[in-house]
file final.cif (mmCIF, C-alpha atoms)
data_structure
#
loop_
_atom_site.label_atom_id
_atom_site.label_comp_id
_atom_site.auth_asym_id
_atom_site.auth_seq_id
_atom_site.Cartn_x
_atom_site.Cartn_y
_atom_site.Cartn_z
CA MET D 28 -56.73 71.33 -55.92
CA LEU D 29 -57.78 69.79 -59.17
CA THR D 30 -61.47 69.45 -59.97
CA ILE D 31 -62.81 67.44 -62.90
CA GLY D 32 -66.46 66.66 -63.43
CA GLY D 33 -67.29 68.05 -60.00
CA HIS D 34 -64.83 65.70 -58.27
CA THR D 35 -61.81 67.06 -56.40
CA PHE D 36 -58.48 65.29 -56.70
CA HIS D 37 -55.59 65.71 -54.27
CA SER D 38 -53.21 63.69 -56.43
CA ARG D 39 -52.40 64.86 -59.94
CA LEU D 40 -51.13 61.46 -61.02
CA PHE D 41 -53.65 59.23 -62.77
CA LEU D 42 -52.77 55.60 -63.26
CA GLY D 43 -53.53 53.09 -65.98
CA THR D 44 -53.99 49.50 -64.85
CA GLY D 45 -52.75 47.67 -67.97
CA LYS D 46 -49.82 45.29 -68.19
CA PHE D 47 -49.20 44.72 -64.47
CA SER D 48 -47.71 41.30 -63.72
CA SER D 49 -50.35 40.56 -61.08
CA ALA D 50 -53.33 42.10 -59.33
CA ALA D 51 -51.29 42.28 -56.13
CA VAL D 52 -48.52 44.34 -57.75
CA MET D 53 -51.13 46.61 -59.33
CA ARG D 54 -52.79 47.19 -55.96
CA GLN D 55 -49.48 48.05 -54.31
CA ALA D 56 -48.48 50.38 -57.15
CA ILE D 57 -51.82 52.19 -56.91
CA GLU D 58 -51.26 52.59 -53.19
CA ALA D 59 -47.68 53.84 -53.64
CA SER D 60 -48.72 56.30 -56.36
CA GLY D 61 -51.32 57.97 -54.16
CA THR D 62 -53.55 58.18 -57.22
CA GLU D 63 -57.25 58.88 -56.98
CA MET D 64 -58.11 58.01 -60.59
CA VAL D 65 -57.44 54.72 -62.35
CA THR D 66 -58.28 53.75 -65.90
CA VAL D 67 -59.59 50.38 -67.00
CA ALA D 68 -60.53 48.86 -70.35
CA LEU D 69 -63.51 46.78 -71.46
CA ARG D 70 -63.03 43.42 -73.14
CA ARG D 71 -64.99 40.26 -73.84
CA VAL D 72 -65.01 37.84 -70.91
CA ASP D 73 -62.38 35.15 -71.32
CA LEU D 74 -64.69 32.15 -71.13
CA ASP D 75 -61.76 29.87 -70.29
CA ASN D 76 -61.07 32.02 -67.24
CA PRO D 77 -64.49 33.26 -66.15
CA GLU D 78 -63.47 34.18 -62.59
CA ASP D 79 -60.85 36.73 -63.64
CA ASP D 80 -62.22 40.08 -62.42
CA ILE D 81 -60.15 43.24 -62.00
CA MET D 82 -62.95 45.00 -60.12
CA SER D 83 -62.34 42.85 -57.06
CA ALA D 84 -58.72 44.11 -57.00
CA LEU D 85 -59.62 47.81 -57.06
CA ASP D 86 -60.80 50.01 -54.23
CA ARG D 87 -63.52 52.16 -55.72
CA ASP D 88 -63.95 54.13 -52.52
CA ARG D 89 -60.46 55.53 -52.94
CA CYS D 90 -60.22 55.93 -56.69
CA VAL D 91 -62.44 57.26 -59.41
CA PHE D 92 -62.84 54.52 -61.94
CA LEU D 93 -62.23 55.82 -65.46
CA PRO D 94 -63.20 53.28 -68.12
CA ASN D 95 -61.64 53.81 -71.52
CA THR D 96 -62.95 53.01 -74.98
CA SER D 97 -59.69 51.47 -76.17
CA GLY D 98 -60.18 49.28 -79.20
CA ALA D 99 -62.79 51.62 -80.71
CA ARG D 100 -61.92 52.56 -84.29
CA ASN D 101 -64.65 55.14 -84.83
CA ALA D 102 -67.25 57.18 -82.95
CA GLU D 103 -69.94 54.53 -83.26
CA GLU D 104 -67.79 51.84 -81.63
CA ALA D 105 -66.64 54.24 -78.93
CA ILE D 106 -70.23 55.20 -78.09
CA ARG D 107 -71.24 51.54 -77.86
CA LEU D 108 -68.32 50.86 -75.52
CA ALA D 109 -69.18 53.95 -73.47
CA HIS D 110 -72.69 52.69 -72.79
CA LEU D 111 -71.32 49.25 -71.86
CA ALA D 112 -68.83 50.94 -69.55
CA ARG D 113 -71.56 52.93 -67.85
CA ALA D 114 -73.66 49.79 -67.40
CA ALA D 115 -70.69 47.92 -65.97
CA SER D 116 -69.35 50.66 -63.72
CA GLY D 117 -72.53 52.42 -62.71
CA SER D 118 -70.84 55.75 -63.31
CA SER D 119 -70.56 58.20 -66.18
CA TRP D 120 -66.81 58.78 -66.17
CA LEU D 121 -65.25 58.00 -69.52
CA LYS D 122 -61.84 58.26 -71.11
CA LEU D 123 -62.72 58.49 -74.78
CA GLU D 124 -60.21 56.82 -77.08
CA VAL D 125 -60.76 56.42 -80.82
CA THR D 126 -57.68 54.89 -82.43
CA PRO D 127 -58.25 53.54 -85.94
CA ASP D 128 -54.61 52.68 -86.68
CA PRO D 129 -53.22 49.85 -84.53
CA ARG D 130 -49.68 50.68 -85.60
CA THR D 131 -49.60 54.22 -84.20
CA LEU D 132 -52.64 54.18 -81.90
CA LEU D 133 -52.99 57.87 -82.72
CA PRO D 134 -56.44 59.26 -82.00
CA ASP D 135 -58.84 60.15 -84.81
CA PRO D 136 -59.67 63.83 -84.22
CA ILE D 137 -62.91 63.92 -86.20
CA GLU D 138 -64.41 60.78 -84.71
CA THR D 139 -63.24 61.86 -81.24
CA LEU D 140 -65.02 65.21 -81.57
CA LYS D 141 -68.21 63.55 -82.86
CA ALA D 142 -68.22 61.00 -80.05
CA THR D 143 -67.47 63.62 -77.38
CA GLU D 144 -70.40 65.74 -78.49
CA GLU D 145 -72.82 62.81 -78.44
CA LEU D 146 -71.58 61.34 -75.15
CA VAL D 147 -71.73 64.71 -73.36
CA ARG D 148 -75.34 64.98 -74.51
CA ALA D 149 -75.94 61.50 -73.09
CA GLY D 150 -74.68 62.65 -69.70
CA PHE D 151 -71.14 61.24 -69.69
CA ILE D 152 -68.17 62.97 -68.06
CA VAL D 153 -65.92 62.77 -71.09
CA LEU D 154 -62.12 63.01 -70.99
CA PRO D 155 -61.02 62.64 -74.62
CA TYR D 156 -57.58 61.31 -75.52
CA MET D 157 -56.38 63.55 -78.34
CA ASN D 158 -53.40 64.51 -80.38
CA ALA D 159 -51.72 67.64 -79.07
CA ASP D 160 -53.70 69.94 -81.34
CA PRO D 161 -54.62 73.29 -79.74
CA ILE D 162 -57.55 73.92 -82.08
CA LEU D 163 -59.01 70.48 -81.41
CA ALA D 164 -58.62 71.06 -77.67
CA LEU D 165 -60.76 74.19 -77.99
CA ARG D 166 -63.35 72.35 -80.07
CA LEU D 167 -63.51 69.52 -77.53
CA GLN D 168 -63.99 71.86 -74.58
CA ASP D 169 -66.61 73.78 -76.56
CA VAL D 170 -68.72 70.63 -76.94
CA GLY D 171 -68.43 69.85 -73.23
CA ALA D 172 -65.35 67.72 -72.59
CA ALA D 173 -64.66 67.69 -68.83
CA ALA D 174 -60.91 67.73 -69.49
CA VAL D 175 -58.65 67.25 -72.49
CA MET D 176 -55.94 64.61 -72.65
CA PRO D 177 -53.29 65.51 -75.21
CA LEU D 178 -50.60 62.94 -75.89
CA GLY D 179 -46.95 63.50 -75.07
CA SER D 180 -46.00 60.81 -77.60
CA PRO D 181 -47.74 57.66 -78.88
CA ILE D 182 -49.16 55.19 -76.36
CA GLY D 183 -46.62 52.88 -74.76
CA THR D 184 -43.59 54.39 -76.49
CA ASN D 185 -41.97 55.93 -73.39
CA GLN D 186 -40.76 58.75 -75.66
CA GLY D 187 -41.78 61.52 -73.27
CA ILE D 188 -43.15 64.95 -74.16
CA LEU D 189 -42.44 65.28 -77.88
CA THR D 190 -45.36 67.70 -78.25
CA ALA D 191 -44.24 70.32 -75.72
CA PHE D 192 -44.79 73.30 -78.01
CA GLN D 193 -48.41 72.38 -78.76
CA ILE D 194 -49.15 71.32 -75.18
CA GLU D 195 -48.00 74.74 -73.94
CA ILE D 196 -50.53 76.40 -76.26
CA ILE D 197 -53.26 73.99 -75.14
CA ILE D 198 -52.53 74.80 -71.48
CA ASP D 199 -52.52 78.55 -72.22
CA GLN D 200 -55.93 78.39 -73.88
CA ALA D 201 -57.71 75.74 -71.83
CA ARG D 202 -60.76 76.44 -69.69
CA VAL D 203 -60.88 72.76 -68.71
CA PRO D 204 -58.12 70.74 -67.02
CA VAL D 205 -55.32 69.45 -69.26
CA VAL D 206 -54.16 65.93 -68.51
CA VAL D 207 -51.06 64.89 -70.42
CA ASP D 208 -51.55 61.29 -71.42
CA ALA D 209 -49.50 58.69 -73.25
CA GLY D 210 -45.81 58.31 -73.91
CA ILE D 211 -44.68 59.45 -70.47
CA GLY D 212 -41.80 57.07 -69.90
CA ALA D 213 -39.89 58.51 -66.95
CA PRO D 214 -40.61 60.57 -63.87
CA SER D 215 -38.70 63.45 -65.47
CA HIS D 216 -41.20 63.47 -68.34
CA ALA D 217 -44.06 63.73 -65.85
CA ALA D 218 -42.26 66.50 -63.96
CA LEU D 219 -41.75 68.40 -67.22
CA ALA D 220 -45.45 68.21 -68.07
CA MET D 221 -46.34 69.49 -64.62
CA GLU D 222 -43.72 72.28 -64.77
CA MET D 223 -45.36 73.36 -68.04
CA GLY D 224 -48.63 73.77 -66.17
CA ALA D 225 -50.45 70.57 -66.99
CA ASP D 226 -53.16 69.85 -64.43
CA ALA D 227 -52.34 66.14 -64.21
CA VAL D 228 -50.64 63.30 -66.04
CA LEU D 229 -51.80 59.79 -66.81
CA VAL D 230 -49.14 57.08 -66.65
CA ASN D 231 -49.43 53.37 -67.27
CA THR D 232 -46.70 51.48 -69.13
CA ALA D 233 -43.77 53.27 -67.49
CA ILE D 234 -44.97 52.08 -64.10
CA SER D 235 -46.53 48.71 -64.86
CA VAL D 236 -43.55 47.30 -66.79
CA ALA D 237 -40.83 48.81 -64.57
CA GLY D 238 -38.45 46.43 -62.83
CA ASP D 239 -40.11 47.45 -59.56
CA PRO D 240 -43.52 48.93 -60.39
CA VAL D 241 -44.24 49.90 -56.78
CA ALA D 242 -41.02 51.91 -56.43
CA MET D 243 -41.61 53.45 -59.87
CA ALA D 244 -45.12 54.49 -58.83
CA ARG D 245 -43.60 56.27 -55.84
CA ALA D 246 -41.01 57.96 -58.09
CA PHE D 247 -43.76 59.24 -60.38
CA ALA D 248 -45.75 60.56 -57.44
CA GLN D 249 -42.71 62.52 -56.26
CA ALA D 250 -42.00 63.84 -59.77
CA VAL D 251 -45.58 64.99 -60.29
CA GLU D 252 -45.56 66.76 -56.96
CA ALA D 253 -42.18 68.38 -57.64
CA GLY D 254 -43.26 69.54 -61.09
CA ARG D 255 -46.51 70.97 -59.79
CA THR D 256 -44.78 72.77 -56.91
CA ALA D 257 -42.26 74.25 -59.37
CA PHE D 258 -45.04 75.46 -61.66
CA VAL D 259 -46.91 77.11 -58.80
CA ALA D 260 -43.65 78.61 -57.48
CA GLY D 261 -43.07 80.26 -60.87
CA MET D 262 -40.39 79.07 -63.22
CA GLY D 263 -37.64 81.40 -64.38
CA CYS D 264 -37.53 82.56 -67.98
CA ARG D 265 -35.20 80.94 -70.49
CA GLY D 266 -32.62 83.15 -72.17
CA LYS D 267 -29.76 82.89 -74.62
CA GLN D 268 -27.33 85.17 -72.81
CA ALA D 269 -25.72 84.34 -69.48
CA GLN D 270 -27.05 86.21 -66.46
CA ALA D 271 -24.63 86.22 -63.53
CA SER D 272 -25.91 84.59 -60.37
CA SER D 273 -23.30 86.40 -58.24
CA PRO D 274 -23.23 90.21 -57.83
CA LEU D 275 -21.01 92.10 -60.30
CA THR D 276 -20.51 95.08 -58.01
CA GLY D 277 -18.25 95.47 -54.98
CA THR D 278 -15.39 93.43 -56.36
CA LEU D 279 -12.20 93.66 -54.31
CA ALA D 280 -9.58 95.54 -56.27
CA THR D 281 -8.58 96.87 -59.59
CA ASP D 282 -6.49 93.79 -60.20
CA LEU D 283 -9.79 91.93 -60.00
CA GLY D 284 -11.41 94.55 -62.22
CA PHE D 285 -11.96 91.95 -64.89
CA LEU D 286 -14.79 90.71 -62.67
CA ALA D 287 -16.79 93.87 -63.25
CA MET E 18 -80.21 25.97 -80.80
CA GLN E 19 -77.18 28.02 -81.60
CA ILE E 20 -76.22 31.49 -80.41
CA HIS E 21 -73.15 33.61 -81.11
CA LEU E 22 -71.38 34.11 -77.82
CA ASN E 23 -68.53 36.63 -77.79
CA GLY E 24 -68.18 36.17 -81.52
CA SER E 25 -68.11 32.35 -81.55
CA PRO E 26 -70.95 29.92 -82.23
CA LYS E 27 -72.25 28.08 -79.17
CA THR E 28 -74.94 25.44 -78.92
CA ILE E 29 -77.23 25.83 -75.89
CA PRO E 30 -80.44 24.14 -74.74
CA ASP E 31 -83.73 25.65 -75.85
CA SER E 32 -85.39 28.16 -73.51
CA MET E 33 -82.16 29.15 -71.81
CA ASN E 34 -82.11 32.70 -70.46
CA VAL E 35 -79.27 35.06 -69.55
CA THR E 36 -79.23 33.97 -65.91
CA THR E 37 -78.94 30.27 -66.74
CA LEU E 38 -76.36 30.98 -69.45
CA LEU E 39 -74.14 32.81 -66.97
CA GLN E 40 -74.58 29.99 -64.48
CA GLU E 41 -73.54 27.41 -67.03
CA LEU E 42 -70.48 29.45 -68.01
CA GLY E 43 -69.45 30.01 -64.39
CA VAL E 44 -69.59 33.79 -64.81
CA SER E 45 -70.67 35.88 -61.84
CA PRO E 46 -73.56 38.12 -62.97
CA THR E 47 -72.27 41.06 -60.95
CA SER E 48 -68.89 41.13 -62.71
CA VAL E 49 -70.11 41.46 -66.29
CA VAL E 50 -72.33 43.48 -68.54
CA VAL E 51 -74.46 41.59 -71.03
CA GLU E 52 -75.29 42.77 -74.50
CA LEU E 53 -78.02 40.91 -76.41
CA ASN E 54 -78.25 41.76 -80.11
CA LYS E 55 -76.40 45.02 -79.38
CA ASN E 56 -78.80 46.05 -76.59
CA ILE E 57 -77.57 46.16 -73.01
CA VAL E 58 -79.55 43.84 -70.74
CA GLN E 59 -80.13 45.26 -67.27
CA PRO E 60 -79.30 42.77 -64.48
CA ASP E 61 -82.88 42.64 -63.23
CA CYS E 62 -83.95 41.49 -66.70
CA TYR E 63 -81.50 38.56 -66.99
CA ALA E 64 -84.00 35.88 -65.97
CA ALA E 65 -86.69 37.26 -68.24
CA SER E 66 -84.33 37.48 -71.21
CA THR E 67 -84.90 34.20 -72.98
CA LEU E 68 -82.38 33.42 -75.69
CA HIS E 69 -83.34 32.58 -79.25
CA ASP E 70 -81.66 30.91 -82.17
CA ASN E 71 -78.98 33.13 -83.76
CA ASP E 72 -78.95 35.64 -80.91
CA GLN E 73 -75.72 37.61 -80.60
CA VAL E 74 -74.62 37.64 -76.98
CA GLU E 75 -71.65 39.61 -75.71
CA LEU E 76 -70.32 39.23 -72.19
CA ILE E 77 -68.06 42.15 -71.36
CA ARG E 78 -66.05 43.02 -68.28
CA PHE E 79 -63.37 45.41 -67.14
CA VAL E 80 -59.73 44.47 -67.57
CA GLY E 81 -56.52 46.34 -66.91
CA GLY E 82 -55.96 49.16 -69.38
CA GLY E 83 -54.60 52.65 -69.78
#

call {"tool": "encode", "arguments": {"input": "final.cif", "output": "structure tokens"}}
result
Amino acid sequence: MLTIGGHTFHSRLFLGTGKFSSAAVMRQAIEASGTEMVTVALRRVDLDNPEDDIMSALDRDRCVFLPNTSGARNAEEAIRLAHLARAASGSSWLKLEVTPDPRTLLPDPIETLKATEELVRAGFIVLPYMNADPILALRLQDVGAAAVMPLGSPIGTNQGILTAFQIEIIIDQARVPVVVDAGIGAPSHAALAMEMGADAVLVNTAISVAGDPVAMARAFAQAVEAGRTAFVAGMGCRGKQAQASSPLTGTLATDLGFLA
Amino acid sequence: MQIHLNGSPKTIPDSMNVTTLLQELGVSPTSVVVELNKNIVQPDCYAASTLHDNDQVELIRFVGGG
């Protein structure tokens, strides 16, 4: 089973809660996904709609609540959001996101490392969202990240695992869990990440904007489980030359000798 | 007097505190976190936190996000 920050997870699918059409659909999708970790964001209260409260729609007994620092453009803003998140949630879990460029939403590696170091010192369980950079992953785990979250492709793009080569190195080297985050657009992408040996995946857009988010959540749960089972079972090696699946000995007759 | 509430100017009566501000706005105190001049106000300090002219007040809550 997967353990992060001292908490054991049975499901290796983490779910983002953005962009669902309603709280009811979100609740059903969470249920169908079997997830035990959901992310949320922090924003100013909409004073024209002061009753709107996502917390009432989430079951915190079933799921770890992972606030993110989305919107932060540097370490200072992320740290401020982290403290607000801890005050609001009463827990120290944090998905650290520092994305200075709104066009790409790619994470700033230097600010992410700085913020991780400071937040770990302040007692947070930090899961940093990061580019798929193996050296950065090592640096982040060295300063105390509870897991690393390399991106498959940019947030919300549904492009899948464009960073497979680097993610494989990160997984090989990691002493902390590797959660592939961002860009996972289809269950097959999630299965691929799990087959590669990722410890978990985080999915949001692909589920929340699907035609049927509840069915899609179920599909992702199945894909994550299949990918994980395949990884544990041991995947075959890739090769360039064909290797016969059927025996090449004991063929019937000389006239079938071309089979040998 | 005037405060800056979530980035916008807002005129409020003198001697208002965080508790009475939330009441006036219709915001449940348990669903938000309050930042006053960039310092987080603990819920048990809301009533004692009197607001002053030009205070920067942020009311933050969780929303859906990835």

call {"tool": "closest_atom_pairs", "arguments": {"input": "final.cif", "of": "region 71-133 of chain D", "to": "region 48-51 of chain E", "cutoff": "7 Å", "atoms": "all atoms listed in the file", "output": "Markdown table"}}
result
| residue | atom | partner | partner_atom | distance |
| --- | --- | --- | --- | --- |
| D:Asp80 | CA | E:Ser48 | CA | 6.8 |
| D:Leu111 | CA | E:Val50 | CA | 6.7 |
| D:Ala114 | CA | E:Val50 | CA | 6.5 |
| D:Ala115 | CA | E:Val50 | CA | 5.4 |

call {"tool": "atom_distance", "arguments": {"input": "final.cif", "atom1": "CA of Val203 (chain D)", "atom2": "CA of Ala244 (chain D)"}}
result
26.1 Å

call {"tool": "resolve_selection", "arguments": {"input": "final.cif", "expression": "the PyMOL selection byres ((chain D) within 9 of (chain E))", "output": "PyMOL selection string"}}
result
chain D and resi 42-47+65-74+77-83+94-95+97+107+110-112+114-116+182+209+229-232

call {"tool": "resolve_selection", "arguments": {"input": "final.cif", "expression": "the PyMOL selection byres ((chain E and resi 20) around 10)", "output": "VMD selection string"}}
result
chain E and resid 18 to 19 21 to 29 68 to 74

call {"tool": "resolve_selection", "arguments": {"input": "final.cif", "expression": "the PyMOL selection byres ((chain D and resi 176) around 8)", "output": "short mmCIF file (atom, residue, chain, number, x, y, z; two decimals) with C-alpha atoms, in the coordinates of the input"}}
result
data_model
loop_
_atom_site.label_atom_id
_atom_site.label_comp_id
_atom_site.auth_asym_id
_atom_site.auth_seq_id
_atom_site.Cartn_x
_atom_site.Cartn_y
_atom_site.Cartn_z
CA LEU D 154 -62.12 63.01 -70.99
CA PRO D 155 -61.02 62.64 -74.62
CA TYR D 156 -57.58 61.31 -75.52
CA MET D 157 -56.38 63.55 -78.34
CA ALA D 174 -60.91 67.73 -69.49
CA VAL D 175 -58.65 67.25 -72.49
CA PRO D 177 -53.29 65.51 -75.21
CA LEU D 178 -50.60 62.94 -75.89
CA VAL D 205 -55.32 69.45 -69.26
CA VAL D 206 -54.16 65.93 -68.51
CA VAL D 207 -51.06 64.89 -70.42
CA ASP D 208 -51.55 61.29 -71.42
#

call {"tool": "residues_around", "arguments": {"input": "final.cif", "residues": "region 99-103 of chain D", "least_positions_apart": "3", "cutoff": "10 Å", "atoms": "all atoms listed in the file", "output": "NGL selection string"}}
result
:D and (95-96 or 106-109 or 123-129 or 132 or 134-135 or 137-143 or 145-146)

call {"tool": "atom_distance", "arguments": {"input": "final.cif", "atom1": "CA of Pro46 (chain E)", "atom2": "CA of Asp61 (chain E)"}}
result
10.4 Å

call {"tool": "residues_around", "arguments": {"input": "final.cif", "residues": "Pro204 (chain D)", "least_positions_apart": "4", "cutoff": "9 Å", "atoms": "all atoms listed in the file", "output": "VMD selection string"}}
result
chain D and resid 29 to 31 173 to 176 198 225 to 227

call {"tool": "write_last_selection", "arguments": {"input": "final.cif", "atoms": "C-alpha atoms", "output": "tab-separated table (two decimals), in the coordinates of the input"}}
result
chain	number	residue	atom	x	y	z
D	29	LEU	CA	-57.78	69.79	-59.17
D	30	THR	CA	-61.47	69.45	-59.97
D	31	ILE	CA	-62.81	67.44	-62.90
D	173	ALA	CA	-64.66	67.69	-68.83
D	174	ALA	CA	-60.91	67.73	-69.49
D	175	VAL	CA	-58.65	67.25	-72.49
D	176	MET	CA	-55.94	64.61	-72.65
D	198	ILE	CA	-52.53	74.80	-71.48
D	225	ALA	CA	-50.45	70.57	-66.99
D	226	ASP	CA	-53.16	69.85	-64.43
D	227	ALA	CA	-52.34	66.14	-64.21

call {"tool": "atom_distance", "arguments": {"input": "final.cif", "atom1": "CA of Met223 (chain D)", "atom2": "CA of Gln186 (chain D)"}}
result
17.1 Å

call {"tool": "axis_aligned_box", "arguments": {"input": "final.cif", "around": "region 209-226 of chain D", "padding_each_side": "4 Å", "output": "AutoDock Vina command-line options"}}
result
--center_x -45.9 --center_y 65.4 --center_z -68.9 --size_x 22.5 --size_y 24.7 --size_z 18.0

call {"tool": "decode", "arguments": {"input": "final.cif", "residues": "region 219-239 of chain D", "atoms": "C-alpha atoms", "output": "mmCIF file, in the first residue's frame"}}
result
data_model
loop_
_atom_site.group_PDB
_atom_site.id
_atom_site.type_symbol
_atom_site.label_atom_id
_atom_site.label_comp_id
_atom_site.auth_asym_id
_atom_site.auth_seq_id
_atom_site.Cartn_x
_atom_site.Cartn_y
_atom_site.Cartn_z
ATOM 1 C CA LEU D 219 0.866 4.093 -18.532
ATOM 2 C CA ALA D 220 2.111 6.141 -15.579
ATOM 3 C CA MET D 221 1.260 3.307 -13.215
ATOM 4 C CA GLU D 222 2.864 0.674 -15.484
ATOM 5 C CA MET D 223 6.029 2.800 -15.372
ATOM 6 C CA GLY D 224 6.017 2.456 -11.598
ATOM 7 C CA ALA D 225 4.482 5.721 -10.482
ATOM 8 C CA ASP D 226 3.058 5.426 -6.976
ATOM 9 C CA ALA D 227 -0.117 7.348 -7.813
ATOM 10 C CA VAL D 228 -1.629 9.774 -10.288
ATOM 11 C CA LEU D 229 -3.592 12.961 -9.761
ATOM 12 C CA VAL D 230 -6.405 13.615 -12.231
ATOM 13 C CA ASN D 231 -8.822 16.504 -12.435
ATOM 14 C CA THR D 232 -9.825 17.975 -15.802
ATOM 15 C CA ALA D 233 -10.123 14.654 -17.631
ATOM 16 C CA ILE D 234 -12.765 13.550 -15.149
ATOM 17 C CA SER D 235 -14.525 16.790 -14.252
ATOM 18 C CA VAL D 236 -15.177 17.915 -17.846
ATOM 19 C CA ALA D 237 -15.986 14.450 -19.252
ATOM 20 C CA GLY D 238 -19.417 13.917 -20.766
ATOM 21 C CA ASP D 239 -20.171 11.654 -17.808
#
